[in-house]
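Structure file coords-v4.csv (CSV, C-alpha atoms) is printed below.
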chain,number,residue,atom,x,y,z
A,291,MET,CA,100.5,-48.4,-45.3
A,292,MET,CA,98.5,-49.6,-42.2
A,293,SER,CA,100.3,-47.2,-39.9
A,294,SER,CA,99.4,-44.3,-42.2
A,295,PHE,CA,95.7,-45.3,-41.9
A,296,PHE,CA,95.7,-45.0,-38.1
A,297,THR,CA,97.6,-41.8,-38.2
A,298,HIS,CA,95.4,-40.2,-40.7
A,299,PRO,CA,93.6,-37.1,-39.3
A,300,VAL,CA,90.1,-38.3,-40.3
A,301,THR,CA,90.6,-41.6,-38.6
A,302,LYS,CA,91.7,-39.8,-35.4
A,303,GLY,CA,88.5,-37.6,-35.5
A,304,VAL,CA,86.2,-40.6,-35.9
A,305,ALA,CA,87.9,-42.3,-33.1
A,306,ILE,CA,87.5,-39.3,-30.8
A,307,LEU,CA,83.8,-39.0,-31.8
A,308,LEU,CA,83.1,-42.7,-31.0
A,309,VAL,CA,84.8,-42.4,-27.6
A,310,GLY,CA,82.7,-39.4,-26.8
A,311,VAL,CA,79.4,-41.1,-27.8
A,312,ALA,CA,80.3,-44.2,-25.8
A,313,GLY,CA,81.1,-42.0,-22.7
A,314,LEU,CA,77.8,-40.2,-23.0
A,315,ALA,CA,75.9,-43.4,-23.3
A,316,LEU,CA,77.7,-44.8,-20.2
A,317,PHE,CA,76.8,-41.6,-18.3
A,318,ILE,CA,73.1,-41.8,-19.2
A,319,ILE,CA,72.9,-45.4,-18.3
A,320,THR,CA,74.7,-45.1,-14.9
A,321,ARG,CA,73.1,-41.7,-13.7
A,322,PRO,CA,70.8,-41.9,-10.7
A,323,GLU,CA,67.0,-41.5,-11.1
A,324,PRO,CA,65.6,-38.1,-10.1
A,325,PRO,CA,63.1,-38.0,-7.2
A,326,LYS,CA,59.4,-38.3,-8.3
A,327,GLU,CA,56.8,-35.9,-6.9
A,328,PRO,CA,53.2,-36.8,-6.8
A,329,VAL,CA,50.9,-35.1,-9.3
A,330,GLN,CA,48.7,-32.4,-7.6
A,331,VAL,CA,45.2,-31.7,-8.8
A,332,PHE,CA,44.1,-28.1,-8.3
A,333,ALA,CA,40.9,-27.8,-6.2
A,334,PRO,CA,39.6,-24.3,-5.7
A,335,ALA,CA,38.8,-23.2,-2.2
A,336,VAL,CA,35.1,-22.4,-1.5
A,337,GLU,CA,32.9,-21.1,1.3
A,338,VAL,CA,29.9,-23.1,2.3
A,339,GLU,CA,26.8,-22.9,4.4
A,340,ARG,CA,24.5,-25.6,5.8
A,341,VAL,CA,20.8,-25.1,5.3
A,342,ARG,CA,17.8,-26.1,7.3
A,343,LEU,CA,14.2,-26.7,6.2
A,344,GLU,CA,11.5,-24.6,7.7
A,345,THR,CA,7.7,-24.1,7.6
A,346,GLY,CA,5.5,-21.1,8.0
A,347,PRO,CA,3.8,-18.4,6.1
A,348,LEU,CA,5.3,-16.7,3.1
A,349,VAL,CA,5.6,-13.0,3.6
A,350,VAL,CA,5.3,-10.5,0.7
A,351,GLU,CA,7.3,-7.4,1.3
A,352,ALA,CA,6.4,-4.0,-0.3
A,353,THR,CA,6.6,-0.3,0.4
A,354,GLY,CA,4.0,2.5,0.5
A,355,SER,CA,3.1,5.9,1.9
A,356,VAL,CA,0.6,6.5,4.6
A,357,GLU,CA,-2.4,8.6,3.5
A,358,ALA,CA,-5.6,9.8,5.3
A,359,GLN,CA,-8.8,8.0,4.2
A,360,ARG,CA,-10.5,11.4,4.2
A,361,GLU,CA,-8.9,14.7,3.3
A,362,VAL,CA,-10.9,17.8,2.3
A,363,ASN,CA,-10.8,21.5,1.9
A,364,LEU,CA,-12.9,23.1,4.6
A,365,SER,CA,-14.8,26.0,3.0
A,366,SER,CA,-17.6,28.4,3.9
A,367,GLU,CA,-21.1,28.1,2.5
A,368,VAL,CA,-22.2,31.6,3.4
A,369,ALA,CA,-20.6,35.1,3.5
A,370,GLY,CA,-19.5,36.8,6.6
A,371,ARG,CA,-16.6,38.1,8.7
A,372,ILE,CA,-14.8,35.6,10.9
A,373,ILE,CA,-15.3,36.6,14.5
A,374,ARG,CA,-14.1,33.4,16.3
A,375,VAL,CA,-11.9,30.4,15.7
A,376,SER,CA,-11.3,27.2,17.7
A,377,ARG,CA,-8.0,26.6,19.6
A,378,ALA,CA,-7.6,23.6,17.3
A,379,PHE,CA,-7.8,25.8,14.2
A,380,VAL,CA,-4.0,25.8,13.8
A,381,SER,CA,-1.7,23.7,11.6
A,382,GLY,CA,-1.5,20.3,13.3
A,383,GLY,CA,-4.5,21.0,15.6
A,384,ALA,CA,-6.6,18.0,16.5
A,385,PHE,CA,-10.4,18.1,16.6
A,386,GLN,CA,-13.4,15.8,17.0
A,387,GLU,CA,-16.4,15.5,14.6
A,388,GLY,CA,-18.9,18.3,15.2
A,389,ASP,CA,-16.4,20.7,16.9
A,390,ILE,CA,-16.9,24.3,15.8
A,391,LEU,CA,-13.7,25.4,14.1
A,392,VAL,CA,-14.7,28.8,12.6
A,393,GLU,CA,-17.6,31.1,13.5
A,394,LEU,CA,-18.8,33.9,11.2
A,395,ASP,CA,-20.7,37.1,12.2
A,396,SER,CA,-24.3,35.9,12.3
A,397,THR,CA,-26.2,39.2,12.8
A,398,ASP,CA,-27.7,39.4,9.3
A,399,TYR,CA,-28.7,35.7,9.4
A,400,VAL,CA,-30.4,36.1,12.8
A,401,ASN,CA,-32.4,39.0,11.4
A,402,ALA,CA,-33.3,36.9,8.4
A,403,VAL,CA,-34.7,34.1,10.7
A,404,THR,CA,-36.7,36.7,12.6
A,405,ALA,CA,-38.2,38.1,9.4
A,406,ALA,CA,-39.0,34.6,8.1
A,407,ARG,CA,-40.8,33.7,11.4
A,408,ALA,CA,-42.9,36.8,11.0
A,409,GLN,CA,-43.9,35.7,7.5
A,410,VAL,CA,-44.9,32.3,8.8
A,411,THR,CA,-47.1,33.9,11.4
A,412,GLN,CA,-48.7,36.2,8.7
A,413,ARG,CA,-49.4,33.2,6.4
A,414,ARG,CA,-50.9,31.2,9.2
A,415,PHE,CA,-53.3,34.0,9.8
A,416,ASP,CA,-54.2,34.1,6.1
A,417,VAL,CA,-54.9,30.4,6.1
A,418,ILE,CA,-57.2,30.7,9.1
A,419,VAL,CA,-59.1,33.5,7.4
A,420,ALA,CA,-59.4,31.6,4.2
A,421,ARG,CA,-60.7,28.5,6.0
A,422,GLU,CA,-63.3,30.5,7.8
A,423,GLU,CA,-64.4,32.1,4.5
A,424,VAL,CA,-64.7,28.6,2.9
A,425,ALA,CA,-66.8,27.4,5.8
A,426,ALA,CA,-69.1,30.5,5.6
A,427,ALA,CA,-69.6,30.0,1.9
A,428,ARG,CA,-70.6,26.4,2.4
A,429,ASP,CA,-73.1,27.4,5.1
A,430,GLU,CA,-74.6,30.0,2.9
A,431,PHE,CA,-75.0,27.5,0.1
A,432,ARG,CA,-76.7,25.0,2.4
A,433,ARG,CA,-79.2,27.7,3.4
A,434,LEU,CA,-79.8,28.5,-0.2
A,435,GLN,CA,-80.5,24.8,-0.9
A,436,ALA,CA,-82.9,24.7,2.0
A,437,ARG,CA,-84.9,27.6,0.5
A,438,SER,CA,-84.6,26.2,-3.1
A,439,PRO,CA,-84.3,22.4,-3.1
A,440,GLY,CA,-83.6,22.3,-6.8
A,441,VAL,CA,-80.3,24.2,-6.6
A,442,VAL,CA,-77.2,22.0,-7.0
A,443,ALA,CA,-73.5,22.9,-6.7
A,444,ASP,CA,-71.4,23.6,-9.7
A,445,THR,CA,-68.6,21.0,-9.8
A,446,THR,CA,-66.4,22.8,-12.3
A,447,GLU,CA,-63.3,24.8,-11.4
A,448,LEU,CA,-65.3,27.9,-11.9
A,449,GLY,CA,-67.9,26.6,-9.5
A,450,SER,CA,-65.2,26.1,-6.9
A,451,LEU,CA,-65.0,29.9,-6.6
A,452,LEU,CA,-68.4,29.8,-5.0
A,453,PHE,CA,-66.8,28.1,-1.9
A,454,ARG,CA,-63.6,30.2,-2.1
A,455,GLU,CA,-61.5,27.0,-2.3
A,456,PRO,CA,-58.8,28.5,-4.6
A,457,GLN,CA,-58.3,31.3,-2.1
A,458,LEU,CA,-57.7,28.7,0.6
A,459,LYS,CA,-55.2,26.8,-1.5
A,460,LEU,CA,-53.4,30.0,-2.3
A,461,ALA,CA,-53.1,30.8,1.4
A,462,GLU,CA,-51.9,27.3,2.2
A,463,ALA,CA,-49.2,27.5,-0.6
A,464,ALA,CA,-48.0,30.9,0.8
A,465,LEU,CA,-47.8,29.3,4.3
A,466,ALA,CA,-45.7,26.4,2.9
A,467,ALA,CA,-43.4,28.9,1.1
A,468,ALA,CA,-43.0,30.9,4.4
A,469,HIS,CA,-42.0,27.7,6.2
A,470,ALA,CA,-39.5,26.9,3.5
A,471,ALA,CA,-38.0,30.4,3.7
A,472,LEU,CA,-37.8,30.0,7.5
A,473,SER,CA,-36.0,26.7,7.1
A,474,ASP,CA,-33.6,28.2,4.6
A,475,ALA,CA,-32.9,31.2,6.9
A,476,LYS,CA,-32.2,28.8,9.8
A,477,ALA,CA,-29.9,26.7,7.6
A,478,ARG,CA,-27.9,29.8,6.6
A,479,LEU,CA,-27.7,30.9,10.2
A,480,GLY,CA,-26.4,27.4,11.1
A,481,ARG,CA,-23.7,27.6,8.4
A,482,THR,CA,-22.1,30.6,10.1
A,483,ARG,CA,-20.7,28.0,12.5
A,484,ILE,CA,-18.4,25.8,10.5
A,485,ARG,CA,-18.0,22.4,12.2
A,486,ALA,CA,-15.5,19.6,11.8
A,487,PRO,CA,-16.9,16.9,9.4
A,488,PHE,CA,-15.0,14.1,11.1
A,489,ASP,CA,-12.3,13.4,13.7
A,490,GLY,CA,-9.1,14.8,12.3
A,491,GLN,CA,-6.3,17.4,12.2
A,492,VAL,CA,-5.7,20.6,10.4
A,493,ARG,CA,-3.0,20.3,7.7
A,494,THR,CA,-2.9,24.0,6.8
A,495,LYS,CA,-5.1,27.0,7.5
A,496,ALA,CA,-5.7,29.9,5.2
A,497,VAL,CA,-7.8,32.4,7.3
A,498,ASP,CA,-8.0,33.9,10.7
A,499,ILE,CA,-10.1,36.2,12.8
A,500,GLY,CA,-11.1,39.3,10.8
A,501,THR,CA,-11.0,37.6,7.4
A,502,TYR,CA,-14.2,38.1,5.3
A,503,ALA,CA,-15.2,34.7,4.1
A,504,THR,CA,-17.2,34.3,0.9
A,505,PRO,CA,-19.2,31.2,-0.3
A,506,GLY,CA,-16.8,28.5,-1.5
A,507,MET,CA,-13.7,30.2,0.1
A,508,VAL,CA,-11.2,27.6,1.4
A,509,LEU,CA,-10.6,28.2,5.1
A,510,ALA,CA,-8.3,25.2,5.8
A,511,GLN,CA,-7.2,21.8,4.6
A,512,VAL,CA,-8.1,19.0,7.0
A,513,PHE,CA,-7.6,15.3,7.1
A,514,GLY,CA,-9.3,12.5,9.1
A,515,THR,CA,-7.5,10.5,11.8
A,516,ARG,CA,-9.9,7.6,12.2
A,517,ILE,CA,-8.5,5.5,9.4
A,518,ALA,CA,-5.2,5.7,7.6
A,519,GLU,CA,-4.7,4.0,4.2
A,520,ILE,CA,-1.4,2.8,2.6
A,521,THR,CA,-1.3,2.3,-1.1
A,522,VAL,CA,0.9,-0.6,-1.9
A,523,PRO,CA,1.9,-1.7,-5.4
A,524,LEU,CA,2.5,-5.4,-5.9
A,525,THR,CA,4.1,-7.2,-8.8
A,526,GLN,CA,2.1,-9.9,-10.6
A,527,ARG,CA,4.2,-12.6,-8.9
A,528,GLN,CA,3.6,-11.0,-5.4
A,529,ALA,CA,-0.1,-10.7,-6.0
A,530,ALA,CA,-0.4,-14.3,-7.1
A,531,LEU,CA,1.0,-15.4,-3.7
A,532,ILE,CA,-1.8,-13.8,-1.6
A,533,PRO,CA,-5.0,-15.9,-1.6
A,534,ALA,CA,-7.2,-13.0,-0.5
A,535,LEU,CA,-6.6,-11.2,-3.7
A,536,GLY,CA,-8.0,-14.2,-5.6
A,537,GLY,CA,-11.3,-14.1,-3.7
A,538,ALA,CA,-10.4,-16.4,-0.8
A,539,ALA,CA,-11.9,-15.7,2.6
A,540,PHE,CA,-8.4,-15.8,4.2
A,541,GLN,CA,-7.5,-12.5,5.8
A,542,PRO,CA,-3.8,-12.1,5.8
A,543,ARG,CA,-1.9,-10.6,8.6
A,544,VAL,CA,-0.3,-7.2,7.7
A,545,ARG,CA,2.7,-5.7,9.6
A,546,ILE,CA,3.8,-2.1,9.0
A,547,THR,CA,7.3,-0.9,9.8
A,548,ASP,CA,9.0,2.5,9.5
A,549,ASN,CA,12.6,3.3,9.1
A,550,ARG,CA,13.0,3.6,12.9
A,551,GLY,CA,11.7,0.1,13.6
A,552,SER,CA,8.3,1.1,14.9
A,553,THR,CA,5.6,-1.4,14.0
A,554,TRP,CA,1.8,-1.3,13.6
A,555,ASP,CA,-0.9,-3.8,12.6
A,556,GLY,CA,-3.0,-3.3,9.5
A,557,GLN,CA,-5.7,-5.0,7.4
A,558,LEU,CA,-5.7,-5.8,3.7
A,559,HIS,CA,-8.9,-3.9,2.8
A,560,ARG,CA,-9.2,-4.0,-1.0
A,561,SER,CA,-7.3,-4.1,-4.3
A,562,MET,CA,-7.8,-2.1,-7.4
A,563,GLY,CA,-9.7,-3.8,-10.2
A,564,ALA,CA,-7.0,-3.6,-12.8
A,565,MET,CA,-3.3,-3.8,-13.2
A,566,SER,CA,-1.4,-0.5,-13.9
A,567,ARG,CA,-0.7,-0.1,-17.5
A,568,GLU,CA,2.5,1.8,-16.8
A,569,SER,CA,4.1,-0.3,-14.1
A,570,ARG,CA,2.3,-3.6,-14.6
A,571,THR,CA,1.6,-3.7,-10.8
A,572,LEU,CA,-1.6,-4.3,-8.8
A,573,THR,CA,-2.3,-1.7,-6.2
A,574,VAL,CA,-3.7,-2.9,-2.8
A,575,ILE,CA,-5.0,-0.8,0.0
A,576,VAL,CA,-3.9,-1.5,3.6
A,577,ARG,CA,-5.9,0.1,6.4
A,578,VAL,CA,-4.9,1.1,9.9
A,579,ASP,CA,-7.6,2.0,12.5
A,580,ARG,CA,-7.0,5.0,14.8
A,581,PRO,CA,-3.4,5.5,13.6
A,582,TYR,CA,-2.9,8.6,15.8
A,583,ASP,CA,-4.2,6.8,19.0
A,584,GLN,CA,-1.4,4.3,18.8
A,585,SER,CA,2.1,4.6,20.4
A,586,PRO,CA,3.9,5.9,18.5
A,587,PRO,CA,1.3,7.4,16.2
A,588,LEU,CA,1.4,6.4,12.5
A,589,ARG,CA,1.5,9.8,10.9
A,590,VAL,CA,0.1,10.7,7.5
A,591,GLY,CA,2.9,11.0,5.0
A,592,THR,CA,5.2,8.3,6.6
A,593,PHE,CA,7.0,6.0,4.1
A,594,VAL,CA,6.7,2.5,5.5
A,595,ASN,CA,7.5,-1.1,4.7
A,596,VAL,CA,4.5,-3.4,4.5
A,597,SER,CA,4.8,-7.2,5.2
A,598,ILE,CA,1.7,-9.2,4.1
A,599,SER,CA,1.4,-12.8,5.2
A,600,ALA,CA,0.7,-14.7,2.0
A,601,GLN,CA,0.1,-18.5,1.6
A,602,GLU,CA,1.2,-21.1,4.2
A,603,LEU,CA,4.2,-23.1,3.0
A,604,GLY,CA,5.3,-26.6,3.7
A,605,PRO,CA,9.0,-27.4,4.2
A,606,HIS,CA,11.1,-25.0,2.3
A,607,VAL,CA,14.6,-23.4,2.3
A,608,ARG,CA,15.4,-19.7,2.1
A,609,LEU,CA,18.7,-18.8,0.3
A,610,GLY,CA,20.3,-15.6,-0.8
A,611,GLU,CA,19.4,-14.8,-4.4
A,612,ASP,CA,23.1,-15.0,-5.4
A,613,ARG,CA,23.1,-18.7,-4.4
A,614,ILE,CA,20.7,-19.4,-7.3
A,615,ARG,CA,22.8,-20.2,-10.4
A,616,GLU,CA,22.0,-20.2,-14.1
A,617,GLY,CA,19.0,-22.4,-14.9
A,618,ASN,CA,17.6,-22.3,-11.3
A,619,THR,CA,20.4,-24.6,-9.9
A,620,VAL,CA,22.4,-24.5,-6.7
A,621,TRP,CA,25.9,-25.8,-6.0
A,622,VAL,CA,25.7,-28.5,-3.4
A,623,LEU,CA,28.8,-29.9,-1.7
A,624,GLU,CA,28.8,-33.7,-1.7
A,625,GLY,CA,32.1,-35.0,-0.1
A,626,ASP,CA,34.7,-33.0,-1.9
A,627,ARG,CA,32.7,-32.6,-5.1
A,628,LEU,CA,30.6,-29.8,-6.5
A,629,ARG,CA,27.2,-30.9,-7.7
A,630,MET,CA,24.9,-28.8,-9.8
A,631,ARG,CA,21.4,-29.4,-8.4
A,632,PRO,CA,18.2,-28.1,-10.1
A,633,VAL,CA,15.7,-26.6,-7.6
A,634,SER,CA,12.2,-25.2,-7.6
A,635,VAL,CA,12.2,-21.5,-6.8
A,636,LEU,CA,8.8,-20.2,-5.7
A,637,THR,CA,9.7,-16.6,-5.5
A,638,ILE,CA,12.6,-14.1,-4.9
A,639,GLU,CA,11.9,-11.2,-2.7
A,640,ASN,CA,14.4,-8.6,-1.4
A,641,GLY,CA,17.3,-10.7,-2.3
A,642,VAL,CA,16.0,-13.9,-0.7
A,643,ALA,CA,14.9,-16.9,-2.7
A,644,VAL,CA,12.3,-19.4,-1.4
A,645,ILE,CA,13.0,-22.9,-2.6
A,646,THR,CA,10.3,-25.5,-2.2
A,647,ASP,CA,12.0,-28.5,-3.8
A,648,GLY,CA,15.5,-29.8,-4.6
A,649,ILE,CA,17.4,-29.3,-1.3
A,650,ARG,CA,17.3,-31.6,1.7
A,651,ASP,CA,17.6,-30.6,5.3
A,652,GLY,CA,21.2,-30.2,6.5
A,653,GLU,CA,22.8,-30.1,3.0
A,654,THR,CA,25.8,-27.9,2.4
A,655,ILE,CA,25.5,-25.2,-0.2
A,656,ILE,CA,28.5,-23.6,-1.9
A,657,SER,CA,28.3,-19.8,-1.7
A,658,THR,CA,31.5,-18.9,-3.5
A,659,ASN,CA,31.2,-17.7,-7.1
A,660,LEU,CA,33.7,-19.6,-9.3
A,661,LEU,CA,34.7,-18.3,-12.7
A,662,VAL,CA,35.2,-21.8,-14.1
A,663,VAL,CA,32.9,-24.6,-12.9
A,664,SER,CA,31.7,-28.0,-13.9
A,665,ASP,CA,29.6,-30.7,-12.4
A,666,SER,CA,31.5,-33.1,-10.1
A,667,MET,CA,34.6,-30.9,-10.0
A,668,GLN,CA,36.7,-31.3,-6.9
A,669,VAL,CA,36.7,-28.4,-4.4
A,670,ARG,CA,38.0,-27.8,-0.9
A,671,ILE,CA,36.5,-25.8,1.9
A,672,ALA,CA,38.3,-22.6,2.6
A,673,GLY,CA,40.2,-22.8,5.9
A,674,GLY,CA,39.5,-26.5,6.1
A,675,GLU,CA,36.3,-25.8,8.1
A,676,ALA,CA,33.1,-27.8,7.7
A,677,GLY,CA,31.2,-24.6,6.9
A,678,THR,CA,28.7,-22.5,8.8
A,679,GLU,CA,25.2,-23.8,9.5
A,680,ARG,CA,22.5,-21.6,8.2
A,681,ALA,CA,19.2,-21.7,10.1
A,682,SER,CA,17.3,-20.1,7.3
A,683,GLN,CA,16.4,-17.1,9.3
A,684,GLY,CA,15.8,-13.4,8.4
A,685,GLY,CA,15.3,-11.9,5.0
A,686,GLN,CA,11.9,-13.4,4.6
A,687,PRO,CA,10.3,-12.4,1.4
Can you dump the structure from the file as structure tokens?
Amino acid sequence: MMSSFFTHPVTKGVAILLVGVAGLALFIITRPEPPKEPVQVFAPAVEVERVRLETGPLVVEATGSVEAQREVNLSSEVAGRIIRVSRAFVSGGAFQEGDILVELDSTDYVNAVTAARAQVTQRRFDVIVAREEVAAARDEFRRLQARSPGVVADTTELGSLLFREPQLKLAEAALAAAHAALSDAKARLGRTRIRAPFDGQVRTKAVDIGTYATPGMVLAQVFGTRIAEITVPLTQRQAALIPALGGAAFQPRVRITDNRGSTWDGQLHRSMGAMSRESRTLTVIVRVDRPYDQSPPLRVGTFVNVSISAQELGPHVRLGEDRIREGNTVWVLEGDRLRMRPVSVLTIENGVAVITDGIRDGETIISTNLLVVSDSMQVRIAGGEAGTERASQGGQP
């Protein structure tokens, strides 16, 4: 009976299962421990730059186009055929104030002056005759009074005819009219020579020798070269940085640069009284004296960059605009940790931010943009370098 139990198939299966479990347990207990590797924390690689505090004026950058302070259409005031033009009467020709640019045929106007002078002579003679007649009438009345003491002069207007006073006044009025006619004839004669109203250049000319000019006819378009003006639009933020626009006596330094690197000095002359409704900008006018006398000349129509020295700043840092993160913060590297530091941004001009508070001299700023970031997260410097030192130069707003 007992032997049949041990030989039963079920008993044999259980025994085999127990032996297998025991062997597996013995293997697990006696197997060697696997080597343990240290847990690595992922630290993203970043690029950094070291900043330096600096002092000096804040510079507001803007652009504008050079225009002449004066530009007019040169026209004729009298009629006549053009008989002579100046050598400067060509496109681009330079002239001085008072130069004769165009001369009209003056024959008719010379004759008119001669006739007017003759009229003046005639009217002078009439006045002399009238005065003699007045004197003779008074002498005659005095002799009458001597013969008849009771005779008195009539003081009414009708009585003035006795002394021929109205005739004298009429002769004097005719003389004054003759003088006026002579003056007018001389003026018309003078207008046959069309002179330059100021120092300048010819932009375009519309006539030449042989053209018959009529009053009001445009002969040329000319512009002045004594003063050039640059119209510069400023944003509200830019305008607020320039004390002179607020009525201060401070006269900011203005530097003008073209696309070839040539520079000129200018003066902030005035500002418009109101902001533009369309662009919400304030237009200021920068002047340059004698632009064509400089080397190289600052030509009308040139598109230029204008740098206006604004307020003086104490210690500050200049950083690229992309270093300013959301909420006006920058990422500062402290040891191997990223710190989100709030800063005071005075202005951002041409991609450069001016920071007046929040960064100390020599601190290291993280310039890399990270997709995922948190305060105090661990980072490592790309390439294992200490970062490049930034001397806060260039890109001044």
| field | A:Gly346, A:Gly383, A:Pro533, A:Gly354 ranked by distance to A:Val576, top pick (using all atoms listed in the file) | value | A:Gly354
| message | Between A:Ala600, A:Ile517, A:Ile373, A:Leu391, which residue has the minimum interatomic distance to A:Ala529, considering all atoms listed in the file? | response | A:Ala600
| task | Could you pull out every residue with an atom within 12 Å of (11.4, -11.0, -1.6), file coordinates, counting only C-alpha atoms, and send them as a ChimeraX atom specification? | result | /A:348-353,524-525,527-528,531,596-598,600,608-611,635-644,684-687
| In terms of the shortest atom-to-atom distance over only C-alpha atoms, which of A:Thr619, A:Gln359, A:Ile671, A:Asp612 is closest to A:Asn659? |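 Selected residue with least distance to A:Asn659: A:Asp612.
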| Which is closest to A:Ile645 among A:Ser552, A:Asn363, A:Thr345, A:Thr515, if we use all atoms listed in the file? |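 Ranking A:Ser552, A:Asn363, A:Thr345, A:Thr515 by distance to A:Ile645, first place goes to A:Thr345.
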Taking only C-alpha atoms into account, produce a table as a tab-separated table in which each residue of stretch 542-574 of chain A with an atom at most 12 Å from an atom of stretch 580-589 of chain A appears once, together with its shortest atom pair and the distance in Å to one decimal, ordered by chain and rising number.
residue	atom	partner	partner_atom	distance
A:Ile546	CA	A:Leu588	CA	9.5
A:Thr547	CA	A:Leu588	CA	9.8
A:Asp548	CA	A:Leu588	CA	9.1
A:Arg550	CA	A:Pro586	CA	10.9
A:Gly551	CA	A:Pro586	CA	10.9
A:Ser552	CA	A:Pro586	CA	7.4
A:Thr553	CA	A:Pro586	CA	8.7
A:Trp554	CA	A:Leu588	CA	7.8
A:Asp555	CA	A:Pro581	CA	9.7
A:Gly556	CA	A:Pro581	CA	9.7
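With only the atoms specified (all atoms listed in the file) counting, those residues at most 12 Å away from (-5.0, -2.1, -12.9) are Pro523, Leu524, Thr525, Gln526, Ser561, Met562, Gly563, Ala564, Met565, Ser566, Arg567, Glu568, Ser569, Arg570, Thr571, Leu572, Thr573 and Val574 of chain A.
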Keeping only C-alpha atoms, write the selected residues to a file as a short mmCIF file (atom, residue, chain, number, x, y, z; two decimals), keeping the file's coordinate frame.
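again-v8.cif was written with the following content:
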data_model
loop_
_atom_site.label_atom_id
_atom_site.label_comp_id
_atom_site.auth_asym_id
_atom_site.auth_seq_id
_atom_site.Cartn_x
_atom_site.Cartn_y
_atom_site.Cartn_z
CA PRO A 523 1.90 -1.70 -5.40
CA LEU A 524 2.50 -5.40 -5.90
CA THR A 525 4.10 -7.20 -8.80
CA GLN A 526 2.10 -9.90 -10.60
CA SER A 561 -7.30 -4.10 -4.30
CA MET A 562 -7.80 -2.10 -7.40
CA GLY A 563 -9.70 -3.80 -10.20
CA ALA A 564 -7.00 -3.60 -12.80
CA MET A 565 -3.30 -3.80 -13.20
CA SER A 566 -1.40 -0.50 -13.90
CA ARG A 567 -0.70 -0.10 -17.50
CA GLU A 568 2.50 1.80 -16.80
CA SER A 569 4.10 -0.30 -14.10
CA ARG A 570 2.30 -3.60 -14.60
CA THR A 571 1.60 -3.70 -10.80
CA LEU A 572 -1.60 -4.30 -8.80
CA THR A 573 -2.30 -1.70 -6.20
CA VAL A 574 -3.70 -2.90 -2.80
#
| Spatial neighbours of A:Ile390, 10 Å, all atoms listed in the file, chain gap at least 4 places, as a list in words | Arg374, Val375, Ser376, Arg377, Ala378, Phe379, Phe385, Gln386, Thr482, Arg483, Ile484, Arg485, Ala486 and Pro487 of chain A
| Shell of 12 Å around A:Pro632, only C-alpha atoms, local chain residues under 5 positions omitted, as a PyMOL selection string | chain A and resi 614-622+645-649+665
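Between atom CA of A:Ser634 and atom CA of A:Ala530 there is a distance of 16.7 Å.
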